[in-house]
Number of protein chains: 2
Amino acid sequence: MKNKPSLGFVGVGRMGANMARRLKDRGFAVAAVFDSRPEVARALASELGARAPAALAEVTASADTVLTVVSDDRAMRAIFAPRGDSLLRGARGRAFINCATVTPSVHVEIERLARRAGARTLEACMASSIAQARQGTLYLMCGGARTTFATLLPVLKALSPAPRYIGPAGRAAQVKALVNMVMNINTAGLAEGLALGSALGLDLDLLREVFAQTGAASRVLETDGADMQNREHACWFSATHAAKDSGIALALGRRARLTLPLAAATAHQYARMTRAGLGELDKSGIAELTFRGRGGRGLPRVR
Amino acid sequence: MKNKPSLGFVGVGRMGANMARRLKDRGFAVAAVFDSRPEVARALASELGARAPAALAEVTASADTVLTVVSDDRAMRAIFAPRGDSLLRGARGRAFINCATVTPSVHVEIERLARRAGARTLEACMASSIAQARQGTLYLMCGGARTTFATLLPVLKALSPAPRYIGPAGRAAQVKALVNMVMNINTAGLAEGLALGSALGLDLDLLREVFAQTGAASRVLETDGADMQNREHACWFSATHAAKDSGIALALGRRARLTLPLAAATAHQYARMTRAGLGELDKSGIAELTFRGRGGRGLPRVR
């Protein structure tokens with residue numbers, strides 16, 4: 001491995017593309033990018049002077065370290081398939097940094113497959129959004145072998161001021177699932193509070209100001225409160241992702257035989273959004289379900 | 001009215017008593033205190049050199065301004081009863097500052113009764129706890145006539161660095177109900193997140209630290225997170241109060257025909273606590289419902 005490993009990217013949507021840009025800015029060679037939408041991969045490849053191969057195995061062949069930012073469990077299993085075109089073909093000596101929020105046991109499964117192929121994996125779960133990806137200020141929670149974490153620190157530090165080692169494979173994904181579960185609950189609750197304030201005819205600027213000074217204060221009040229009020233739901237973190245992440249946490253809860261009524265109610269709300277065709281709104285769009293007379297009507301068209 | 005009005009107090013539990021102490025420290029004469037538990041009133045009266053009359057009308061007779069900090073709608077209506085022993089007897093020229101969290105329309109009702117008796121009322125809803133009452137650092141949201149607010153500012157400022165005028169009678173109580181509704185949702189959600197973390201065997205110190213850095217951050221994480229983890233549920237704000245306040249907000253929501261699933265799930269959880277005999281625990285005690293194997297078992301005996 002050279003001083004700075006050459007990098008591959010799989011999954012170059014909003015997050016992945018900005019991470020690739022950031023790493024290139026920091027002097028890493030981005031050798032190859034891949035996306036399930038080939039035109040997206042080609043556009044980024046041409047921007048970064050990288051290749052956009054048609055096969056996953058070619059990404060592995062071109063890079064020392066491959067970052068993956070795919071959408072869900074199914075996509076993770078597909079790119080690391082034990083057979084057929086896969087990142088694991090010819091993966092000996094390679095390292096994979098997996099950033100998607102997926103079921104924790106999937107990370108364990110893929111670490112095992114990768115080990116068999118002579119490769120190492122690290123989960124690097126992100127608790128931040130697109131702007132932070134571009135600026136290298138992500139909050140990264142890492143799971144896997146501690147030695148793998150240490151080896152990959154130069155890449156991780158270009159993305160995050162203080163990458164955090166959580167524990168063996170699956171542990172960081174558990175923490176991430178809990179972060180998003182609690183964040184989604186707070187978001188859904190805030191949407192109810194503001195909707196009721198609006199129905200009562202209260203001044204919502206005043207109400208948010210009071211919330212911020214009291215026990216109702218939260219990070220999502222800062223990030224999503226005004227957006228809920230003003231119906232600005234351009235996507236940072238989609239409702240569909242929120243539904244998926246709350247679902248991961250709920251599944252962990254079921255296996256642990258816990259009763260989690262708030263998490264369940266929240267997952268139900270985000271699932272309602274998705275069914276209502278509002279899944280591509282930002283998570284703040286949950287206010288479309290709670291404010292009287294909204295329901296997504298009259299919003300600017302969603303991409 | 002003298003330069004500093006002489007004060008009466010009705011309802012001198014944890015909050016009321018500390019507000020009385022604070023006002024005495026700031027040079028106000030506390031003339032009379034009253035509580036539904038006469039021994040509680042007598043103890044505070046002897047501490048403050050005040051009287052502890054047996055009749056509400058005597059509190060009104062001894063004071064220019066009476067602060068009330070009672071427990072619920074029923075108690076508010078009882079102390080301001082239009083007939084019988086009541087704060088309204090001989091109330092001409094008096095002012096009442098009502099601090100309980102009650103149904104907003106009760107404030108409107110009582111303002112009307114008081115006006116008929118020649119008195120003024122102001123609701124002063126508190127979004128802080130016992131320590132802040134003692135230190136005069138309450139967050140006060142005030143509702144009523146603006147002139148009444150202005151007249152009572154010297155008293156209010158001894159309790160709060162910046163008393164906030166919200167609007168006419170009932171408005172501050174609406175905002176307060178919303179604050180507590182959202183706070184209770186965040187509390188119930190946090191209790192689920194920590195319980196699931198514990199069931200997964202995660203280090204809860206680490207988990208709270210990650211929550212604090214991410215979208216899961218909230219004021220209740222700061223005030224209640226460690227208490228949930230360590231089962232320290234000495235009462236600041238009881239589960240019974242939380243159940244009542246969530247109920248007030250839900251009733252407002254029903255009248256506004258809104259669907260508030262998170263608020264409903266939270267009210268249900270706090271009602272479960274009360275039914276399980278855990279109502280006198282602090283609101284953080286909701287973690288007794290979510291952590292595996294707790295259910296209040298093995299806690300130090302509740303007063």
# chains A, B, ... in the order shown; residues from 1 in each chain; ligands from 1
>>> closest_atom_pairs(of="chain A", to="chain B", cutoff="8 Å", atoms="only C-alpha atoms", output="JSON lines")
{"residue": "A:Ala127", "atom": "CA", "partner": "B:Thr214", "partner_atom": "CA", "distance": 6.1}
{"residue": "A:Ser128", "atom": "CA", "partner": "B:Thr214", "partner_atom": "CA", "distance": 7.3}
{"residue": "A:Tyr139", "atom": "CA", "partner": "B:Thr214", "partner_atom": "CA", "distance": 7.7}
{"residue": "A:Arg171", "atom": "CA", "partner": "B:Leu202", "partner_atom": "CA", "distance": 7.9}
{"residue": "A:Gln174", "atom": "CA", "partner": "B:Gly197", "partner_atom": "CA", "distance": 8.0}
{"residue": "A:Val175", "atom": "CA", "partner": "B:Leu207", "partner_atom": "CA", "distance": 6.8}
{"residue": "A:Leu178", "atom": "CA", "partner": "B:Gly193", "partner_atom": "CA", "distance": 5.7}
{"residue": "A:Val179", "atom": "CA", "partner": "B:Ala216", "partner_atom": "CA", "distance": 5.4}
{"residue": "A:Asn180", "atom": "CA", "partner": "B:Ala216", "partner_atom": "CA", "distance": 6.9}
{"residue": "A:Met181", "atom": "CA", "partner": "B:Gly193", "partner_atom": "CA", "distance": 7.1}
{"residue": "A:Val182", "atom": "CA", "partner": "B:Ala216", "partner_atom": "CA", "distance": 5.3}
{"residue": "A:Met183", "atom": "CA", "partner": "B:Ala216", "partner_atom": "CA", "distance": 4.3}
{"residue": "A:Ile185", "atom": "CA", "partner": "B:Gly189", "partner_atom": "CA", "distance": 6.1}
{"residue": "A:Asn186", "atom": "CA", "partner": "B:Asn186", "partner_atom": "CA", "distance": 5.5}
{"residue": "A:Ala188", "atom": "CA", "partner": "B:Leu262", "partner_atom": "CA", "distance": 7.0}
{"residue": "A:Gly189", "atom": "CA", "partner": "B:Leu262", "partner_atom": "CA", "distance": 5.8}
{"residue": "A:Leu190", "atom": "CA", "partner": "B:Val182", "partner_atom": "CA", "distance": 6.2}
{"residue": "A:Glu192", "atom": "CA", "partner": "B:Leu260", "partner_atom": "CA", "distance": 5.9}
{"residue": "A:Gly193", "atom": "CA", "partner": "B:Leu178", "partner_atom": "CA", "distance": 5.8}
{"residue": "A:Leu196", "atom": "CA", "partner": "B:Gly253", "partner_atom": "CA", "distance": 6.2}
{"residue": "A:Gly197", "atom": "CA", "partner": "B:Leu178", "partner_atom": "CA", "distance": 7.2}
{"residue": "A:Ala199", "atom": "CA", "partner": "B:Ala256", "partner_atom": "CA", "distance": 6.3}
{"residue": "A:Leu200", "atom": "CA", "partner": "B:Ala256", "partner_atom": "CA", "distance": 7.5}
{"residue": "A:Leu202", "atom": "CA", "partner": "B:Arg171", "partner_atom": "CA", "distance": 7.9}
{"residue": "A:Leu207", "atom": "CA", "partner": "B:Val175", "partner_atom": "CA", "distance": 6.8}
{"residue": "A:Val210", "atom": "CA", "partner": "B:Val179", "partner_atom": "CA", "distance": 7.8}
{"residue": "A:Phe211", "atom": "CA", "partner": "B:Val179", "partner_atom": "CA", "distance": 6.0}
{"residue": "A:Gln213", "atom": "CA", "partner": "B:Tyr139", "partner_atom": "CA", "distance": 7.9}
{"residue": "A:Thr214", "atom": "CA", "partner": "B:Ala127", "partner_atom": "CA", "distance": 6.1}
{"residue": "A:Gly215", "atom": "CA", "partner": "B:Met183", "partner_atom": "CA", "distance": 5.3}
{"residue": "A:Ala216", "atom": "CA", "partner": "B:Met183", "partner_atom": "CA", "distance": 4.3}
{"residue": "A:Ala217", "atom": "CA", "partner": "B:Arg219", "partner_atom": "CA", "distance": 5.3}
{"residue": "A:Ser218", "atom": "CA", "partner": "B:Ser218", "partner_atom": "CA", "distance": 3.8}
{"residue": "A:Arg219", "atom": "CA", "partner": "B:Ala217", "partner_atom": "CA", "distance": 5.3}
{"residue": "A:Val220", "atom": "CA", "partner": "B:Gly215", "partner_atom": "CA", "distance": 6.2}
{"residue": "A:Leu252", "atom": "CA", "partner": "B:Leu196", "partner_atom": "CA", "distance": 7.8}
{"residue": "A:Gly253", "atom": "CA", "partner": "B:Leu196", "partner_atom": "CA", "distance": 6.2}
{"residue": "A:Ala256", "atom": "CA", "partner": "B:Ala199", "partner_atom": "CA", "distance": 6.3}
{"residue": "A:Leu258", "atom": "CA", "partner": "B:Arg292", "partner_atom": "CA", "distance": 6.8}
{"residue": "A:Thr259", "atom": "CA", "partner": "B:Thr290", "partner_atom": "CA", "distance": 6.6}
{"residue": "A:Leu260", "atom": "CA", "partner": "B:Glu192", "partner_atom": "CA", "distance": 5.9}
{"residue": "A:Pro261", "atom": "CA", "partner": "B:Ala265", "partner_atom": "CA", "distance": 6.3}
{"residue": "A:Leu262", "atom": "CA", "partner": "B:Gly189", "partner_atom": "CA", "distance": 5.8}
{"residue": "A:Ala263", "atom": "CA", "partner": "B:Gly189", "partner_atom": "CA", "distance": 7.0}
{"residue": "A:Ala265", "atom": "CA", "partner": "B:Leu262", "partner_atom": "CA", "distance": 6.1}
{"residue": "A:Thr266", "atom": "CA", "partner": "B:Leu262", "partner_atom": "CA", "distance": 7.0}
{"residue": "A:Thr290", "atom": "CA", "partner": "B:Thr259", "partner_atom": "CA", "distance": 6.6}
{"residue": "A:Phe291", "atom": "CA", "partner": "B:Leu258", "partner_atom": "CA", "distance": 7.7}
{"residue": "A:Arg292", "atom": "CA", "partner": "B:Leu258", "partner_atom": "CA", "distance": 6.9}
>>> closest_residue(among="B:Cys235, B:Ala119, B:Ala226, B:Leu56", to="B:Ala81", atoms="only C-alpha atoms")
B:Leu56
>>> closest_residue(among="B:Val33, B:Ala55, B:Ala173, B:Leu138", to="B:Pro104", atoms="only C-alpha atoms")
B:Ala173
>>> atom_distance(atom1="atom CA of B:Ala91", atom2="atom CA of B:Glu39")
25.5 Å
>>> select_by_dssp(residues="stretch 129-259 of chain B", states="strand (DSSP E)", output="ChimeraX atom specification")
/B:140-144,164-167
>>> write_last_selection(atoms="N, CA and C atoms", output="CSV table (one decimal), in the first residue's frame")
chain,number,residue,atom,x,y,z
B,140,LEU,N,-40.2,31.6,33.0
B,140,LEU,CA,-41.6,31.9,33.3
B,140,LEU,C,-42.3,32.4,32.0
B,141,MET,N,-43.4,31.7,31.6
B,141,MET,CA,-44.2,32.1,30.5
B,141,MET,C,-45.5,32.6,31.0
B,142,CYS,N,-45.8,33.9,30.7
B,142,CYS,CA,-46.9,34.6,31.4
B,142,CYS,C,-48.1,34.8,30.4
B,143,GLY,N,-49.3,34.6,30.9
B,143,GLY,CA,-50.5,34.9,30.1
B,143,GLY,C,-51.5,35.7,30.9
B,144,GLY,N,-52.2,36.6,30.3
B,144,GLY,CA,-53.1,37.5,31.0
B,144,GLY,C,-53.1,38.9,30.3
B,164,ARG,N,-41.4,36.0,30.5
B,164,ARG,CA,-41.8,36.1,29.1
B,164,ARG,C,-43.3,36.3,29.0
B,165,TYR,N,-43.7,37.4,28.3
B,165,TYR,CA,-45.1,37.6,28.1
B,165,TYR,C,-45.5,36.9,26.8
B,166,ILE,N,-46.5,36.0,26.9
B,166,ILE,CA,-46.9,35.2,25.8
B,166,ILE,C,-48.2,35.7,25.1
B,167,GLY,N,-49.1,36.1,25.9
B,167,GLY,CA,-50.4,36.6,25.3
B,167,GLY,C,-51.5,36.5,26.4
>>> residues_around(residues="B:Ala29", least_positions_apart="2", cutoff="8 Å", atoms="only C-alpha atoms", output="PyMOL selection string")
chain B and resi 4-7+23-24+27+31
>>> write_last_selection(atoms="C-alpha atoms", output="CSV table (one decimal), in the first residue's frame")
chain,number,residue,atom,x,y,z
B,4,LYS,CA,-43.1,45.7,47.5
B,5,PRO,CA,-46.5,43.9,47.7
B,6,SER,CA,-47.0,41.5,50.6
B,7,LEU,CA,-47.4,38.0,49.4
B,23,LEU,CA,-39.2,35.9,47.4
B,24,LYS,CA,-38.5,36.3,51.1
B,27,GLY,CA,-37.2,41.3,50.5
B,31,ALA,CA,-47.6,37.1,55.0
>>> residues_around(residues="A:Arg89", least_positions_apart="5", cutoff="10 Å", atoms="only C-alpha atoms", output="count of residues only")
13
>>> select_by_dssp(residues="stretch 21-220 of chain A", states="helix (DSSP H, G or I)", output="MDAnalysis selection string")
chainID A and resid 21:25 38:48 56:62 73:79 104:116 130:135 146:159 171:199 204:213 219:220
>>> residues_around(residues="stretch 43-50 of chain A", least_positions_apart="5", cutoff="10 Å", atoms="only C-alpha atoms", output="MDAnalysis selection string")
chainID A and resid 7:8 12:13 17:18 20:21 24:25 29:35 38
>>> write_last_selection(atoms="N, CA and C atoms", output="PDB file, in the first residue's frame")
ATOM      1  N   LEU A   7      -8.263   4.990  -3.877  1.00  0.00           N
ATOM      2  CA  LEU A   7      -9.607   4.728  -3.361  1.00  0.00           C
ATOM      3  C   LEU A   7     -10.587   4.360  -4.451  1.00  0.00           C
ATOM      4  N   GLY A   8     -11.521   3.501  -4.085  1.00  0.00           N
ATOM      5  CA  GLY A   8     -12.695   3.245  -4.912  1.00  0.00           C
ATOM      6  C   GLY A   8     -13.940   3.606  -4.137  1.00  0.00           C
ATOM      7  N   VAL A  12     -22.524   6.343  -5.109  1.00  0.00           N
ATOM      8  CA  VAL A  12     -22.103   7.743  -5.126  1.00  0.00           C
ATOM      9  C   VAL A  12     -23.317   8.657  -5.284  1.00  0.00           C
ATOM     10  N   GLY A  13     -24.292   8.415  -4.413  1.00  0.00           N
ATOM     11  CA  GLY A  13     -25.409   9.353  -4.271  1.00  0.00           C
ATOM     12  C   GLY A  13     -24.918  10.602  -3.549  1.00  0.00           C
ATOM     13  N   ALA A  17     -20.819  10.758  -3.105  1.00  0.00           N
ATOM     14  CA  ALA A  17     -20.146  11.663  -4.042  1.00  0.00           C
ATOM     15  C   ALA A  17     -19.391  12.748  -3.283  1.00  0.00           C
ATOM     16  N   ASN A  18     -20.006  13.278  -2.215  1.00  0.00           N
ATOM     17  CA  ASN A  18     -19.329  14.338  -1.467  1.00  0.00           C
ATOM     18  C   ASN A  18     -18.136  13.814  -0.676  1.00  0.00           C
ATOM     19  N   ALA A  20     -16.264  11.383  -1.754  1.00  0.00           N
ATOM     20  CA  ALA A  20     -15.233  11.206  -2.781  1.00  0.00           C
ATOM     21  C   ALA A  20     -14.567  12.543  -3.113  1.00  0.00           C
ATOM     22  N   ARG A  21     -15.393  13.588  -3.255  1.00  0.00           N
ATOM     23  CA  ARG A  21     -14.835  14.928  -3.540  1.00  0.00           C
ATOM     24  C   ARG A  21     -13.897  15.375  -2.423  1.00  0.00           C
ATOM     25  N   LYS A  24     -10.615  13.436  -2.511  1.00  0.00           N
ATOM     26  CA  LYS A  24      -9.760  13.910  -3.615  1.00  0.00           C
ATOM     27  C   LYS A  24      -9.104  15.244  -3.234  1.00  0.00           C
ATOM     28  N   ASP A  25      -9.890  16.151  -2.684  1.00  0.00           N
ATOM     29  CA  ASP A  25      -9.337  17.437  -2.206  1.00  0.00           C
ATOM     30  C   ASP A  25      -8.175  17.225  -1.245  1.00  0.00           C
ATOM     31  N   ALA A  29      -5.996   9.622  -4.310  1.00  0.00           N
ATOM     32  CA  ALA A  29      -6.366   9.310  -5.693  1.00  0.00           C
ATOM     33  C   ALA A  29      -7.675   8.530  -5.673  1.00  0.00           C
ATOM     34  N   VAL A  30      -8.691   9.090  -6.304  1.00  0.00           N
ATOM     35  CA  VAL A  30      -9.942   8.342  -6.451  1.00  0.00           C
ATOM     36  C   VAL A  30      -9.868   7.635  -7.798  1.00  0.00           C
ATOM     37  N   ALA A  31      -9.653   6.306  -7.747  1.00  0.00           N
ATOM     38  CA  ALA A  31      -9.359   5.558  -8.977  1.00  0.00           C
ATOM     39  C   ALA A  31     -10.623   5.153  -9.710  1.00  0.00           C
ATOM     40  N   ALA A  32     -11.658   4.729  -8.960  1.00  0.00           N
ATOM     41  CA  ALA A  32     -12.852   4.195  -9.628  1.00  0.00           C
ATOM     42  C   ALA A  32     -14.087   4.470  -8.797  1.00  0.00           C
ATOM     43  N   VAL A  33     -15.192   4.771  -9.479  1.00  0.00           N
ATOM     44  CA  VAL A  33     -16.463   4.959  -8.782  1.00  0.00           C
ATOM     45  C   VAL A  33     -17.532   4.108  -9.470  1.00  0.00           C
ATOM     46  N   PHE A  34     -18.463   3.609  -8.661  1.00  0.00           N
ATOM     47  CA  PHE A  34     -19.497   2.704  -9.174  1.00  0.00           C
ATOM     48  C   PHE A  34     -20.816   3.088  -8.530  1.00  0.00           C
ATOM     49  N   ASP A  35     -21.885   3.017  -9.331  1.00  0.00           N
ATOM     50  CA  ASP A  35     -23.210   3.247  -8.768  1.00  0.00           C
ATOM     51  C   ASP A  35     -24.191   2.361  -9.525  1.00  0.00           C
ATOM     52  N   PRO A  38     -25.614   3.849 -13.652  1.00  0.00           N
ATOM     53  CA  PRO A  38     -24.317   4.059 -14.327  1.00  0.00           C
ATOM     54  C   PRO A  38     -24.077   5.521 -14.698  1.00  0.00           C
TER      55      PRO A  38
END
>>> atom_distance(atom1="atom CA of B:Phe237", atom2="atom CA of B:Leu204")
23.4 Å
>>> closest_residue(among="A:Arg275, A:Gly225, A:Thr148, A:Lys283", to="A:Ala239", atoms="only C-alpha atoms")
A:Lys283
>>> atom_distance(atom1="atom CA of B:Ser36", atom2="atom CA of B:Thr240")
18.0 Å
>>> residues_around(residues="B:Arg120", least_positions_apart="6", cutoff="10 Å", atoms="only C-alpha atoms", output="PyMOL selection string")
chain B and resi 65+91-97+110-114+144-145+147-149
>>> closest_residue(among="A:Thr68, A:Ser129, A:Ser86, A:Arg26", to="A:Val155", atoms="only C-alpha atoms")
A:Arg26
